[in-house]
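Text of my_file-v5.cif (mmCIF, C-alpha atoms) as supplied:
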```
data_final
loop_
_atom_site.label_atom_id
_atom_site.label_comp_id
_atom_site.auth_asym_id
_atom_site.auth_seq_id
_atom_site.Cartn_x
_atom_site.Cartn_y
_atom_site.Cartn_z
CA MET A 23 -34.58 -61.90 43.60
CA SER A 24 -38.26 -62.28 44.34
CA ASN A 25 -40.80 -62.64 41.53
CA GLN A 26 -42.40 -59.39 42.67
CA TYR A 27 -39.57 -57.34 41.18
CA THR A 28 -38.46 -59.34 38.13
CA MET A 29 -40.47 -57.36 35.56
CA HIS A 30 -38.31 -54.24 35.83
CA MET A 31 -35.28 -56.19 34.64
CA ASN A 32 -36.77 -56.20 31.12
CA CYS A 33 -37.23 -52.42 30.87
CA CYS A 34 -34.79 -50.65 28.56
CA LEU A 35 -34.24 -48.00 31.24
CA TRP A 36 -33.33 -50.59 33.86
CA LYS A 37 -31.06 -52.52 31.45
CA ALA A 38 -29.01 -49.46 30.53
CA ASP A 39 -25.51 -49.31 32.06
CA LYS A 40 -25.94 -45.60 32.62
CA ILE A 41 -29.26 -43.78 32.69
CA GLU A 42 -29.29 -40.26 31.32
CA LYS A 43 -31.81 -37.90 32.90
CA LYS A 44 -33.06 -36.59 29.56
CA LYS A 45 -33.57 -40.12 28.20
CA LEU A 46 -35.34 -41.16 31.41
CA ILE A 47 -37.75 -38.23 31.25
CA ASN A 48 -38.36 -38.54 27.50
CA SER A 49 -38.92 -42.32 27.68
CA LEU A 50 -41.87 -42.08 30.06
CA HIS A 51 -45.39 -40.75 29.70
CA THR A 52 -48.04 -40.14 32.33
CA LEU A 53 -50.93 -42.58 32.60
CA GLU A 54 -52.51 -41.20 35.78
CA VAL A 55 -51.80 -38.49 38.36
CA ILE A 56 -52.34 -39.74 41.90
CA GLU A 57 -51.28 -36.63 43.79
CA GLN A 58 -49.51 -33.46 42.71
CA GLU A 59 -48.42 -30.74 45.11
CA SER A 60 -45.40 -28.47 45.22
CA HIS A 61 -43.44 -30.71 47.63
CA PHE A 62 -44.96 -34.15 46.95
CA THR A 63 -46.04 -35.80 43.71
CA ARG A 64 -47.06 -39.32 42.76
CA LYS A 65 -47.91 -40.39 39.22
CA ILE A 66 -48.26 -43.61 37.27
CA LEU A 67 -45.97 -43.59 34.24
CA GLU A 68 -45.29 -45.97 31.40
CA CYS A 69 -42.15 -46.55 29.36
CA LYS A 70 -42.87 -45.57 25.75
CA ASN A 71 -40.43 -48.20 24.48
CA CYS A 72 -41.35 -51.36 26.39
CA GLY A 73 -44.59 -50.62 28.29
CA GLN A 74 -43.06 -51.02 31.78
CA VAL A 75 -45.27 -49.29 34.37
CA TYR A 76 -43.67 -47.13 37.07
CA LEU A 77 -44.94 -45.40 40.16
CA TYR A 78 -43.15 -42.04 40.12
CA GLU A 79 -42.64 -40.14 43.36
CA PHE A 80 -41.11 -36.75 44.07
CA THR A 81 -40.58 -35.59 47.66
CA GLU A 82 -39.02 -32.41 48.97
CA GLU A 83 -38.16 -31.68 52.58
CA VAL A 84 -38.56 -27.95 53.13
CA ASP A 85 -36.39 -26.68 55.98
CA TRP A 86 -36.93 -22.93 55.38
CA GLU A 87 -33.16 -22.31 55.59
CA ASP A 88 -31.14 -21.04 52.63
CA GLY A 89 -33.17 -22.94 50.02
CA ASN A 90 -31.40 -25.97 48.57
CA ASP A 91 -33.96 -28.31 50.17
CA LYS A 92 -33.51 -32.09 50.11
CA GLN A 93 -35.24 -33.65 47.09
CA LEU A 94 -35.77 -37.26 46.09
CA PHE A 95 -37.10 -38.47 42.74
CA ARG A 96 -37.96 -42.18 42.44
CA TRP A 97 -39.38 -44.36 39.67
CA PHE A 98 -40.59 -47.69 41.09
CA PRO A 99 -41.11 -50.46 38.52
CA VAL A 100 -44.40 -52.29 39.07
CA GLU A 101 -46.31 -55.05 37.33
CA SER A 102 -49.45 -53.02 36.52
CA ILE A 103 -51.41 -49.83 37.09
CA TYR A 104 -53.25 -51.65 39.88
CA GLU A 105 -49.92 -52.48 41.58
CA ALA A 106 -48.86 -48.83 41.23
CA TRP A 107 -52.01 -47.71 43.05
CA LYS A 108 -51.40 -50.29 45.79
CA LEU A 109 -47.78 -49.18 46.18
CA ALA A 110 -48.91 -45.55 46.32
CA GLU A 111 -50.71 -46.36 49.59
CA THR A 112 -47.29 -46.80 51.20
CA PRO A 113 -45.74 -43.74 52.89
CA PRO A 114 -42.46 -42.57 51.26
CA ILE A 115 -40.35 -43.91 54.15
CA GLY A 116 -41.87 -47.35 53.61
CA LEU A 117 -40.46 -47.44 50.07
CA ILE A 118 -36.86 -46.76 51.07
CA ASN A 119 -35.71 -50.31 50.20
CA HIS A 120 -37.89 -50.82 47.15
CA PRO A 121 -36.08 -51.17 43.79
CA ALA A 122 -36.18 -47.87 41.93
CA ILE A 123 -34.45 -45.54 39.54
CA ARG A 124 -33.47 -42.59 41.70
CA ILE A 125 -32.19 -39.04 41.65
CA ASP A 126 -31.08 -37.75 45.05
CA PHE A 127 -30.35 -34.17 45.96
CA SER A 128 -29.45 -33.30 49.53
CA LYS A 129 -28.85 -29.93 51.10
CA ASP A 130 -25.08 -30.44 51.11
CA MET A 131 -24.77 -31.50 47.46
CA GLN A 132 -23.71 -29.17 44.68
CA ASN A 133 -25.27 -31.43 42.01
CA PRO A 134 -27.88 -34.17 42.18
CA LYS A 135 -26.79 -37.82 42.28
CA GLY A 136 -28.32 -39.87 39.51
CA PRO A 137 -30.27 -41.08 37.84
CA TYR A 138 -29.07 -44.43 39.10
CA LYS A 139 -30.58 -47.86 39.72
CA TYR A 140 -31.18 -48.84 43.32
CA ASP A 141 -31.91 -52.51 43.91
CA PRO A 142 -31.32 -53.83 47.44
CA SER A 143 -31.73 -57.49 46.43
#
```

Mind turning this structure into structure tokens?
Amino acid sequence: MSNQYTMHMNCCLWKADKIEKKKLINSLHTLEVIEQESHFTRKILECKNCGQVYLYEFTEEVDWEDGNDKQLFRWFPVESIYEAWKLAETPPIGLINHPAIRIDFSKDMQNPKGPYKYDPS
């Protein structure tokens, strides 16, 4: 694993065998809002327990058919607020293989998948 991503391994959220949505949400607080719209949001969050910084991203693909639009929630662990801002310059598709805690909800799903840890390394 590269040094760039080692910090997230120390976060209590990342160490957990199973991440509960309520615990995930309650363990983080907002440091800065980068962008907030109805179908796209980016914020810088911090773990209340260990101080780990995350870039949070929510994206929704609106298809205007029957509701139930595809949604993706991602929490990217980063080294600092500065690194979160740098990462936020990347388009969502460019972050597809970046380690993250994720919740996925596609049009065909009855229930969202996650939260779960995604680490391609």

| task | Output the residue selection produced by the PyMOL selection byres ((chain A and resi 141) around 8) on the file above, formatted as a PyMOL selection string. | result | chain A and resi 119-122+139-140+142-143

| message | Taking only C-alpha atoms into account, name the residue in A:Lys135, A:Arg124, A:Lys37, A:Lys65 that is nearest to His51 in chain A. | response |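 Closest to His51 in chain A of all the choices is A:Lys65.
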
If the PyMOL selection byres ((chain A and resi 61) around 6) is run on the structure shown, which residues does it catch, given as a PDB file with C-alpha atoms, keeping the file's coordinate frame?
```pdb
ATOM      1  CA  GLU A  59     -48.420 -30.740  45.110  1.00  0.00           C
ATOM      2  CA  SER A  60     -45.400 -28.470  45.220  1.00  0.00           C
ATOM      3  CA  PHE A  62     -44.960 -34.150  46.950  1.00  0.00           C
ATOM      4  CA  THR A  81     -40.580 -35.590  47.660  1.00  0.00           C
ATOM      5  CA  GLU A  82     -39.020 -32.410  48.970  1.00  0.00           C
TER       6      GLU A  82
END
```

| Nearest-residue call for Ser128 in chain A, choices A:Val84, A:Leu35, A:Val55, A:Leu50, using only C-alpha atoms | A:Val84

| task | Please write as a ChimeraX atom specification the full residue list that the PyMOL selection byres ((chain A and resi 106) around 10) yields on this file. | result | /A:56,64-67,75-78,98-105,107-111

| said: Just the number, please: distance in Å from CA of Lys45 in chain A to CA of Gly116 in chain A, one decimal. | reply: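 Pair CA of Lys45 in chain A / CA of Gly116 in chain A returns 27.7 Å.
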
| task | Go through A:Leu117, A:Asn133, A:Asp91, A:Ile125 one by one, measure the shortest atom-to-atom distance of each to Ile47 in chain A using only C-alpha atoms, and give the residue with the smallest value. | result |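 Of A:Leu117, A:Asn133, A:Asp91, A:Ile125, the one nearest Ile47 in chain A is A:Ile125, counting only C-alpha atoms.
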
| task | With a distance cut-off of 12 Å and only C-alpha atoms, select the neighbouring residues of Cys34 in chain A, excluding the residue or stretch itself and same-chain residues fewer than 2 positions from it, and output the selection as number ranges by chain. | result | A: 29-32, 36-41, 45-46, 49-50, 68-74, 99

Let me have the centre and edge lengths in Å, one decimal, of the box along x, y and z around every listed atom of range 57-68 of chain A with 6 Å of margin on each side, as AutoDock Vina command-line options.
```
--center_x -47.4 --center_y -37.2 --center_z 39.5 --size_x 19.8 --size_y 29.5 --size_z 28.2
```

| request: Record the distance separating CA of Cys33 in chain A and CA of Glu54 in chain A, expressed in Å with one decimal. | output: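 For CA of Cys33 in chain A relative to CA of Glu54 in chain A, the distance reads 19.6 Å.
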
| field | One-decimal distance in Å that lies between CA of Phe95 in chain A and CA of Gly136 in chain A | value |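 Computing the Euclidean distance for CA of Gly136 in chain A and CA of Phe95 in chain A yields 9.5 Å.
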